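Chemist: The structure file start30.cif (mmCIF, all heavy atoms) is provided below.
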```cif
data_start
loop_
_atom_site.label_atom_id
_atom_site.label_comp_id
_atom_site.auth_asym_id
_atom_site.auth_seq_id
_atom_site.Cartn_x
_atom_site.Cartn_y
_atom_site.Cartn_z
N MET A 54 94.29 107.89 104.37
CA MET A 54 94.72 106.73 105.13
C MET A 54 96.10 106.28 104.63
O MET A 54 96.36 106.23 103.45
CB MET A 54 93.70 105.62 104.99
CG MET A 54 94.04 104.39 105.75
SD MET A 54 92.67 103.22 105.69
CE MET A 54 93.10 102.25 107.06
N ILE A 55 96.96 105.94 105.53
CA ILE A 55 98.31 105.49 105.19
C ILE A 55 98.26 104.02 104.82
O ILE A 55 97.73 103.19 105.56
CB ILE A 55 99.28 105.70 106.38
CG1 ILE A 55 99.39 107.19 106.68
CG2 ILE A 55 100.63 105.09 106.07
CD1 ILE A 55 100.21 107.47 107.90
N GLU A 56 98.80 103.72 103.66
CA GLU A 56 98.85 102.34 103.19
C GLU A 56 99.99 101.61 103.88
O GLU A 56 101.09 102.13 104.01
CB GLU A 56 99.08 102.32 101.68
CG GLU A 56 99.09 100.94 101.08
CD GLU A 56 99.34 100.98 99.59
OE1 GLU A 56 98.99 101.97 98.95
OE2 GLU A 56 99.87 99.99 99.08
N GLU A 57 99.72 100.41 104.33
CA GLU A 57 100.75 99.61 104.98
C GLU A 57 101.60 98.93 103.92
O GLU A 57 101.09 98.36 102.96
CB GLU A 57 100.09 98.55 105.87
CG GLU A 57 101.08 97.79 106.70
CD GLU A 57 100.39 96.83 107.67
OE1 GLU A 57 99.39 97.23 108.29
OE2 GLU A 57 100.86 95.70 107.77
N ILE A 58 102.92 99.01 104.08
CA ILE A 58 103.82 98.32 103.17
C ILE A 58 104.74 97.43 103.99
O ILE A 58 105.02 97.70 105.14
CB ILE A 58 104.65 99.28 102.29
CG1 ILE A 58 105.56 100.16 103.14
CG2 ILE A 58 103.77 100.12 101.42
CD1 ILE A 58 106.53 100.98 102.34
N ASN A 59 105.19 96.36 103.36
CA ASN A 59 106.11 95.47 104.07
C ASN A 59 107.55 95.93 103.84
O ASN A 59 107.82 96.83 103.05
CB ASN A 59 105.89 94.01 103.64
CG ASN A 59 106.24 93.76 102.19
OD1 ASN A 59 107.19 94.31 101.66
ND2 ASN A 59 105.46 92.92 101.53
N SER A 60 108.47 95.34 104.55
CA SER A 60 109.86 95.78 104.49
C SER A 60 110.47 95.58 103.10
O SER A 60 111.30 96.38 102.67
CB SER A 60 110.70 95.09 105.54
OG SER A 60 110.71 93.69 105.33
N ASP A 61 110.07 94.54 102.38
CA ASP A 61 110.59 94.32 101.04
C ASP A 61 110.17 95.45 100.11
O ASP A 61 110.97 95.93 99.30
CB ASP A 61 110.14 92.98 100.48
CG ASP A 61 110.79 91.80 101.19
OD1 ASP A 61 111.80 92.01 101.88
OD2 ASP A 61 110.28 90.67 101.04
N GLU A 62 108.92 95.88 100.23
CA GLU A 62 108.45 97.01 99.42
C GLU A 62 109.21 98.28 99.78
O GLU A 62 109.58 99.06 98.91
CB GLU A 62 106.96 97.23 99.61
CG GLU A 62 106.08 96.18 98.96
CD GLU A 62 104.62 96.41 99.27
OE1 GLU A 62 104.25 96.41 100.46
OE2 GLU A 62 103.85 96.60 98.31
N ALA A 63 109.44 98.46 101.07
CA ALA A 63 110.18 99.65 101.53
C ALA A 63 111.58 99.64 100.95
O ALA A 63 112.06 100.68 100.46
CB ALA A 63 110.22 99.68 103.06
N PHE A 64 112.26 98.51 100.98
CA PHE A 64 113.61 98.41 100.40
C PHE A 64 113.57 98.73 98.90
O PHE A 64 114.46 99.39 98.37
CB PHE A 64 114.21 97.03 100.61
CG PHE A 64 114.78 96.81 101.97
CD1 PHE A 64 114.48 95.68 102.69
CD2 PHE A 64 115.64 97.73 102.55
CE1 PHE A 64 115.01 95.46 103.95
CE2 PHE A 64 116.17 97.53 103.80
CZ PHE A 64 115.85 96.38 104.50
N SER A 65 112.53 98.25 98.24
CA SER A 65 112.40 98.50 96.81
C SER A 65 112.24 99.99 96.54
O SER A 65 112.84 100.54 95.61
CB SER A 65 111.21 97.72 96.25
OG SER A 65 111.12 97.89 94.86
N TYR A 66 111.43 100.68 97.34
CA TYR A 66 111.26 102.13 97.19
C TYR A 66 112.58 102.86 97.47
O TYR A 66 112.91 103.82 96.78
CB TYR A 66 110.17 102.66 98.10
CG TYR A 66 108.77 102.26 97.69
CD1 TYR A 66 107.90 101.67 98.60
CD2 TYR A 66 108.31 102.47 96.39
CE1 TYR A 66 106.62 101.30 98.22
CE2 TYR A 66 107.04 102.10 96.01
CZ TYR A 66 106.18 101.52 96.93
OH TYR A 66 104.92 101.16 96.56
N ILE A 67 113.32 102.41 98.45
CA ILE A 67 114.62 103.03 98.76
C ILE A 67 115.56 102.87 97.58
O ILE A 67 116.23 103.81 97.17
CB ILE A 67 115.23 102.41 100.04
CG1 ILE A 67 114.40 102.83 101.26
CG2 ILE A 67 116.69 102.81 100.19
CD1 ILE A 67 114.74 102.07 102.52
N ARG A 68 115.59 101.68 97.01
CA ARG A 68 116.45 101.41 95.85
C ARG A 68 116.11 102.35 94.71
O ARG A 68 116.98 102.96 94.10
CB ARG A 68 116.30 99.96 95.40
CG ARG A 68 117.15 99.61 94.18
CD ARG A 68 116.83 98.23 93.64
NE ARG A 68 115.51 98.12 93.08
CZ ARG A 68 115.17 98.52 91.85
NH1 ARG A 68 116.07 99.07 91.06
NH2 ARG A 68 113.96 98.36 91.41
N LYS A 69 114.83 102.47 94.42
CA LYS A 69 114.40 103.34 93.32
C LYS A 69 114.77 104.79 93.60
O LYS A 69 115.18 105.53 92.70
CB LYS A 69 112.91 103.19 93.08
CG LYS A 69 112.54 101.84 92.50
CD LYS A 69 111.04 101.66 92.42
CE LYS A 69 110.69 100.25 91.98
NZ LYS A 69 109.26 99.99 92.03
N GLY A 70 114.61 105.21 94.84
CA GLY A 70 114.95 106.58 95.22
C GLY A 70 116.43 106.86 95.07
O GLY A 70 116.83 107.91 94.57
N HIS A 71 117.25 105.91 95.47
CA HIS A 71 118.70 106.08 95.35
C HIS A 71 119.10 106.19 93.88
O HIS A 71 119.94 107.01 93.52
CB HIS A 71 119.44 104.89 95.95
CG HIS A 71 119.34 104.83 97.44
ND1 HIS A 71 119.87 103.79 98.15
CD2 HIS A 71 118.78 105.65 98.36
CE1 HIS A 71 119.65 103.97 99.44
NE2 HIS A 71 118.99 105.11 99.58
N SER A 72 118.50 105.37 93.06
CA SER A 72 118.86 105.34 91.65
C SER A 72 118.40 106.59 90.90
O SER A 72 119.00 106.98 89.91
CB SER A 72 118.25 104.11 90.97
OG SER A 72 118.76 102.94 91.57
N ALA A 73 117.33 107.21 91.37
CA ALA A 73 116.73 108.34 90.65
C ALA A 73 117.24 109.70 91.10
O ALA A 73 116.97 110.69 90.43
CB ALA A 73 115.21 108.29 90.81
N ASN A 74 117.98 109.76 92.18
CA ASN A 74 118.39 111.06 92.74
C ASN A 74 119.87 111.31 92.45
O ASN A 74 120.74 110.75 93.12
CB ASN A 74 118.13 111.07 94.24
CG ASN A 74 118.42 112.39 94.89
OD1 ASN A 74 119.32 113.10 94.51
ND2 ASN A 74 117.64 112.70 95.91
N PRO A 75 120.16 112.18 91.48
CA PRO A 75 121.57 112.44 91.11
C PRO A 75 122.40 113.00 92.27
O PRO A 75 123.58 112.66 92.40
CB PRO A 75 121.48 113.46 89.98
CG PRO A 75 120.09 113.39 89.49
CD PRO A 75 119.24 112.91 90.62
N GLU A 76 121.80 113.83 93.11
CA GLU A 76 122.54 114.39 94.24
C GLU A 76 122.94 113.28 95.22
O GLU A 76 124.07 113.24 95.71
CB GLU A 76 121.68 115.43 94.96
CG GLU A 76 122.41 116.15 96.07
CD GLU A 76 121.56 117.22 96.72
OE1 GLU A 76 120.58 117.68 96.11
OE2 GLU A 76 121.89 117.59 97.85
N PHE A 77 122.03 112.38 95.49
CA PHE A 77 122.33 111.24 96.36
C PHE A 77 123.42 110.38 95.74
O PHE A 77 124.35 109.96 96.41
CB PHE A 77 121.06 110.42 96.61
CG PHE A 77 121.31 109.24 97.50
CD1 PHE A 77 121.32 109.39 98.88
CD2 PHE A 77 121.56 107.99 96.98
CE1 PHE A 77 121.57 108.31 99.71
CE2 PHE A 77 121.81 106.91 97.80
CZ PHE A 77 121.81 107.07 99.16
N GLN A 78 123.29 110.11 94.44
CA GLN A 78 124.28 109.30 93.75
C GLN A 78 125.67 109.90 93.87
O GLN A 78 126.63 109.20 94.19
CB GLN A 78 123.92 109.15 92.27
CG GLN A 78 122.71 108.30 92.01
CD GLN A 78 122.39 108.22 90.53
OE1 GLN A 78 123.19 108.62 89.68
NE2 GLN A 78 121.23 107.72 90.22
N ASP A 79 125.77 111.20 93.62
CA ASP A 79 127.07 111.86 93.70
C ASP A 79 127.65 111.76 95.10
O ASP A 79 128.85 111.52 95.27
CB ASP A 79 126.95 113.33 93.30
CG ASP A 79 126.65 113.52 91.83
OD1 ASP A 79 126.85 112.56 91.05
OD2 ASP A 79 126.22 114.62 91.46
N ASN A 80 126.81 111.94 96.10
CA ASN A 80 127.27 111.90 97.49
C ASN A 80 127.77 110.51 97.88
O ASN A 80 128.84 110.36 98.47
CB ASN A 80 126.14 112.35 98.42
CG ASN A 80 126.63 112.68 99.81
OD1 ASN A 80 127.76 113.09 100.00
ND2 ASN A 80 125.76 112.52 100.77
N ILE A 81 127.01 109.48 97.54
CA ILE A 81 127.39 108.10 97.90
C ILE A 81 128.57 107.62 97.06
O ILE A 81 129.46 106.92 97.56
CB ILE A 81 126.18 107.15 97.75
CG1 ILE A 81 125.09 107.51 98.76
CG2 ILE A 81 126.59 105.70 97.90
CD1 ILE A 81 125.51 107.38 100.22
N ASN A 82 128.59 107.98 95.79
CA ASN A 82 129.67 107.52 94.91
C ASN A 82 131.02 108.13 95.26
O ASN A 82 132.04 107.73 94.70
CB ASN A 82 129.32 107.75 93.45
CG ASN A 82 128.34 106.71 92.92
OD1 ASN A 82 128.25 105.61 93.45
ND2 ASN A 82 127.61 107.07 91.89
N LYS A 83 131.06 109.06 96.20
CA LYS A 83 132.34 109.58 96.69
C LYS A 83 133.13 108.47 97.38
O LYS A 83 134.35 108.55 97.51
CB LYS A 83 132.10 110.73 97.67
CG LYS A 83 131.60 111.98 97.01
CD LYS A 83 131.33 113.06 98.03
CE LYS A 83 130.72 114.28 97.36
NZ LYS A 83 130.34 115.31 98.32
N PHE A 84 132.44 107.42 97.82
CA PHE A 84 133.09 106.31 98.51
C PHE A 84 133.68 105.30 97.54
O PHE A 84 134.39 104.38 97.94
CB PHE A 84 132.11 105.61 99.46
CG PHE A 84 131.67 106.50 100.59
CD1 PHE A 84 130.45 107.14 100.55
CD2 PHE A 84 132.50 106.72 101.67
CE1 PHE A 84 130.04 107.97 101.59
CE2 PHE A 84 132.11 107.55 102.72
CZ PHE A 84 130.87 108.17 102.66
N GLY A 85 133.36 105.44 96.27
CA GLY A 85 133.89 104.55 95.26
C GLY A 85 133.03 104.59 94.01
O GLY A 85 131.87 104.97 94.05
N GLU A 86 133.64 104.20 92.93
CA GLU A 86 132.94 104.22 91.65
C GLU A 86 131.79 103.22 91.64
O GLU A 86 131.94 102.07 92.05
CB GLU A 86 133.93 103.87 90.54
CG GLU A 86 133.40 104.05 89.16
CD GLU A 86 134.47 103.79 88.11
OE1 GLU A 86 135.65 104.09 88.36
OE2 GLU A 86 134.11 103.27 87.06
N ARG A 87 130.62 103.68 91.25
CA ARG A 87 129.43 102.84 91.07
C ARG A 87 128.90 102.22 92.37
O ARG A 87 128.26 101.18 92.35
CB ARG A 87 129.69 101.78 90.02
CG ARG A 87 130.03 102.38 88.66
CD ARG A 87 130.43 101.36 87.62
NE ARG A 87 129.41 100.37 87.45
CZ ARG A 87 129.64 99.16 86.95
NH1 ARG A 87 130.84 98.82 86.59
NH2 ARG A 87 128.67 98.30 86.83
N VAL A 88 129.12 102.86 93.50
CA VAL A 88 128.64 102.34 94.78
C VAL A 88 127.11 102.30 94.80
O VAL A 88 126.50 101.33 95.25
CB VAL A 88 129.18 103.15 95.98
CG1 VAL A 88 128.53 102.72 97.28
CG2 VAL A 88 130.68 103.00 96.07
N VAL A 89 126.47 103.36 94.28
CA VAL A 89 125.00 103.40 94.26
C VAL A 89 124.45 102.25 93.42
O VAL A 89 123.49 101.60 93.80
CB VAL A 89 124.48 104.75 93.74
CG1 VAL A 89 122.98 104.71 93.48
CG2 VAL A 89 124.80 105.85 94.73
N GLU A 90 125.10 101.98 92.29
CA GLU A 90 124.66 100.87 91.44
C GLU A 90 124.78 99.54 92.20
O GLU A 90 123.88 98.70 92.15
CB GLU A 90 125.49 100.83 90.16
CG GLU A 90 125.06 99.76 89.19
CD GLU A 90 125.89 99.78 87.92
OE1 GLU A 90 126.53 100.80 87.61
OE2 GLU A 90 125.90 98.74 87.24
N TYR A 91 125.87 99.36 92.90
CA TYR A 91 126.08 98.14 93.69
C TYR A 91 125.00 98.00 94.77
O TYR A 91 124.40 96.94 94.93
CB TYR A 91 127.47 98.16 94.32
CG TYR A 91 127.70 97.01 95.27
CD1 TYR A 91 128.01 95.75 94.79
CD2 TYR A 91 127.59 97.19 96.65
CE1 TYR A 91 128.20 94.68 95.66
CE2 TYR A 91 127.77 96.13 97.52
CZ TYR A 91 128.08 94.89 97.02
OH TYR A 91 128.26 93.84 97.89
N ILE A 92 124.74 99.08 95.50
CA ILE A 92 123.72 99.05 96.55
C ILE A 92 122.36 98.74 95.96
O ILE A 92 121.60 97.93 96.50
CB ILE A 92 123.70 100.39 97.32
CG1 ILE A 92 124.99 100.57 98.13
CG2 ILE A 92 122.48 100.48 98.23
CD1 ILE A 92 125.15 101.97 98.71
N SER A 93 122.04 99.38 94.84
CA SER A 93 120.77 99.16 94.17
C SER A 93 120.59 97.70 93.78
O SER A 93 119.53 97.10 94.01
CB SER A 93 120.67 100.07 92.95
OG SER A 93 119.46 99.87 92.27
N GLU A 94 121.62 97.12 93.20
CA GLU A 94 121.55 95.72 92.79
C GLU A 94 121.45 94.79 94.00
O GLU A 94 120.74 93.79 93.96
CB GLU A 94 122.77 95.37 91.94
CG GLU A 94 122.72 96.01 90.57
CD GLU A 94 123.98 95.78 89.76
OE1 GLU A 94 124.89 95.05 90.22
OE2 GLU A 94 124.06 96.34 88.66
N ALA A 95 122.15 95.12 95.07
CA ALA A 95 122.08 94.30 96.29
C ALA A 95 120.69 94.33 96.89
O ALA A 95 120.16 93.30 97.32
CB ALA A 95 123.11 94.77 97.31
N ILE A 96 120.08 95.51 96.92
CA ILE A 96 118.72 95.62 97.46
C ILE A 96 117.75 94.84 96.57
O ILE A 96 116.88 94.12 97.07
CB ILE A 96 118.29 97.10 97.59
CG1 ILE A 96 119.11 97.78 98.68
CG2 ILE A 96 116.79 97.21 97.89
CD1 ILE A 96 118.92 99.28 98.75
N GLU A 97 117.88 94.98 95.26
CA GLU A 97 117.00 94.26 94.33
C GLU A 97 117.14 92.75 94.53
O GLU A 97 116.15 92.02 94.57
CB GLU A 97 117.33 94.64 92.89
CG GLU A 97 116.41 93.98 91.89
CD GLU A 97 116.71 94.43 90.47
OE1 GLU A 97 117.78 95.01 90.20
OE2 GLU A 97 115.85 94.18 89.62
N TYR A 98 118.36 92.27 94.67
CA TYR A 98 118.60 90.85 94.90
C TYR A 98 117.93 90.40 96.21
O TYR A 98 117.25 89.38 96.24
CB TYR A 98 120.11 90.59 94.97
CG TYR A 98 120.46 89.16 95.29
CD1 TYR A 98 120.45 88.18 94.32
CD2 TYR A 98 120.81 88.78 96.60
CE1 TYR A 98 120.77 86.86 94.61
CE2 TYR A 98 121.12 87.47 96.91
CZ TYR A 98 121.11 86.52 95.92
OH TYR A 98 121.40 85.22 96.23
N TYR A 99 118.11 91.18 97.28
CA TYR A 99 117.51 90.85 98.57
C TYR A 99 116.00 90.77 98.47
O TYR A 99 115.38 89.82 98.92
CB TYR A 99 117.92 91.89 99.61
CG TYR A 99 117.22 91.70 100.94
CD1 TYR A 99 117.72 90.82 101.87
CD2 TYR A 99 116.03 92.38 101.23
CE1 TYR A 99 117.06 90.62 103.09
CE2 TYR A 99 115.37 92.17 102.43
CZ TYR A 99 115.89 91.30 103.36
OH TYR A 99 115.24 91.09 104.54
N VAL A 100 115.40 91.78 97.86
CA VAL A 100 113.93 91.83 97.75
C VAL A 100 113.43 90.64 96.94
O VAL A 100 112.45 89.98 97.33
CB VAL A 100 113.48 93.16 97.12
CG1 VAL A 100 112.00 93.13 96.75
CG2 VAL A 100 113.75 94.32 98.08
N ASN A 101 114.09 90.33 95.84
CA ASN A 101 113.65 89.21 95.00
C ASN A 101 113.80 87.87 95.69
O ASN A 101 113.02 86.95 95.45
CB ASN A 101 114.40 89.22 93.66
CG ASN A 101 113.96 90.34 92.77
OD1 ASN A 101 112.84 90.83 92.86
ND2 ASN A 101 114.84 90.78 91.89
N ARG A 102 114.78 87.72 96.55
CA ARG A 102 115.00 86.45 97.29
C ARG A 102 113.98 86.26 98.39
O ARG A 102 113.78 85.15 98.86
CB ARG A 102 116.40 86.41 97.87
CG ARG A 102 117.53 86.43 96.87
CD ARG A 102 117.92 85.10 96.38
NE ARG A 102 118.43 84.30 97.48
CZ ARG A 102 118.55 83.00 97.44
NH1 ARG A 102 118.25 82.34 96.38
NH2 ARG A 102 119.02 82.35 98.48
N HIS A 103 113.33 87.34 98.84
CA HIS A 103 112.40 87.26 99.97
C HIS A 103 110.94 87.39 99.56
O HIS A 103 110.10 87.67 100.38
CB HIS A 103 112.76 88.33 101.01
CG HIS A 103 114.02 88.00 101.71
ND1 HIS A 103 115.25 88.45 101.28
CD2 HIS A 103 114.26 87.27 102.82
CE1 HIS A 103 116.18 87.98 102.09
NE2 HIS A 103 115.63 87.27 103.03
N LYS A 104 110.66 87.18 98.27
CA LYS A 104 109.27 87.24 97.80
C LYS A 104 108.56 85.96 98.14
O LYS A 104 109.09 84.92 98.22
CB LYS A 104 109.21 87.49 96.31
CG LYS A 104 109.52 88.92 95.95
CD LYS A 104 109.33 89.12 94.48
CE LYS A 104 109.54 90.59 94.16
NZ LYS A 104 109.31 90.87 92.77
#
```
With the file now loaded, output its structure as structure tokens.

Modeler:
Amino acid sequence: MIEEINSDEAFSYIRKGHSANPEFQDNINKFGERVVEYISEAIEYYVNRHK
């Protein structure tokens, strides 16, 4: 059975996935230094504000 998750949980999983995948990090960081870190922190801030 598929577990239902809310959008905040989904954003949190996306953030963790971005932070853990070196290939993704390299690809996104081509747009600027530490872009993945910035996105990760922004998602974390959003999720924490909507709890």

Chemist: Mind checking which residues fall within 9 Å of stretch 55-72 of chain A, counting only C-alpha atoms, ignoring those fewer than 6 positions away in the same chain, and posting them as a list in words?

Modeler: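 Answer for this query is Gln78, Val89, Glu90, Ile92, Ser93, Glu94, Ile96, Glu97, Tyr99, Val100, Asn101, His103 and Lys104 of chain A.
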
Chemist: Quick one: distance from atom CG of A:Asp79 to atom C of A:Tyr91 in Å, one decimal?

Modeler: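 These atoms are spaced 15.9 Å apart.
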
Chemist: Can you list, as a VMD selection string, all residues belonging to chain A that DSSP tags as helix (DSSP H, G or I)?

Modeler: chain A and resid 60 to 73 75 to 84 88 to 102

Chemist: Between atom CE1 of A:Tyr98 and atom CB of A:Glu76, what distance in Å does the model show, to one decimal?

Modeler: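 It comes out at 28.6 Å.
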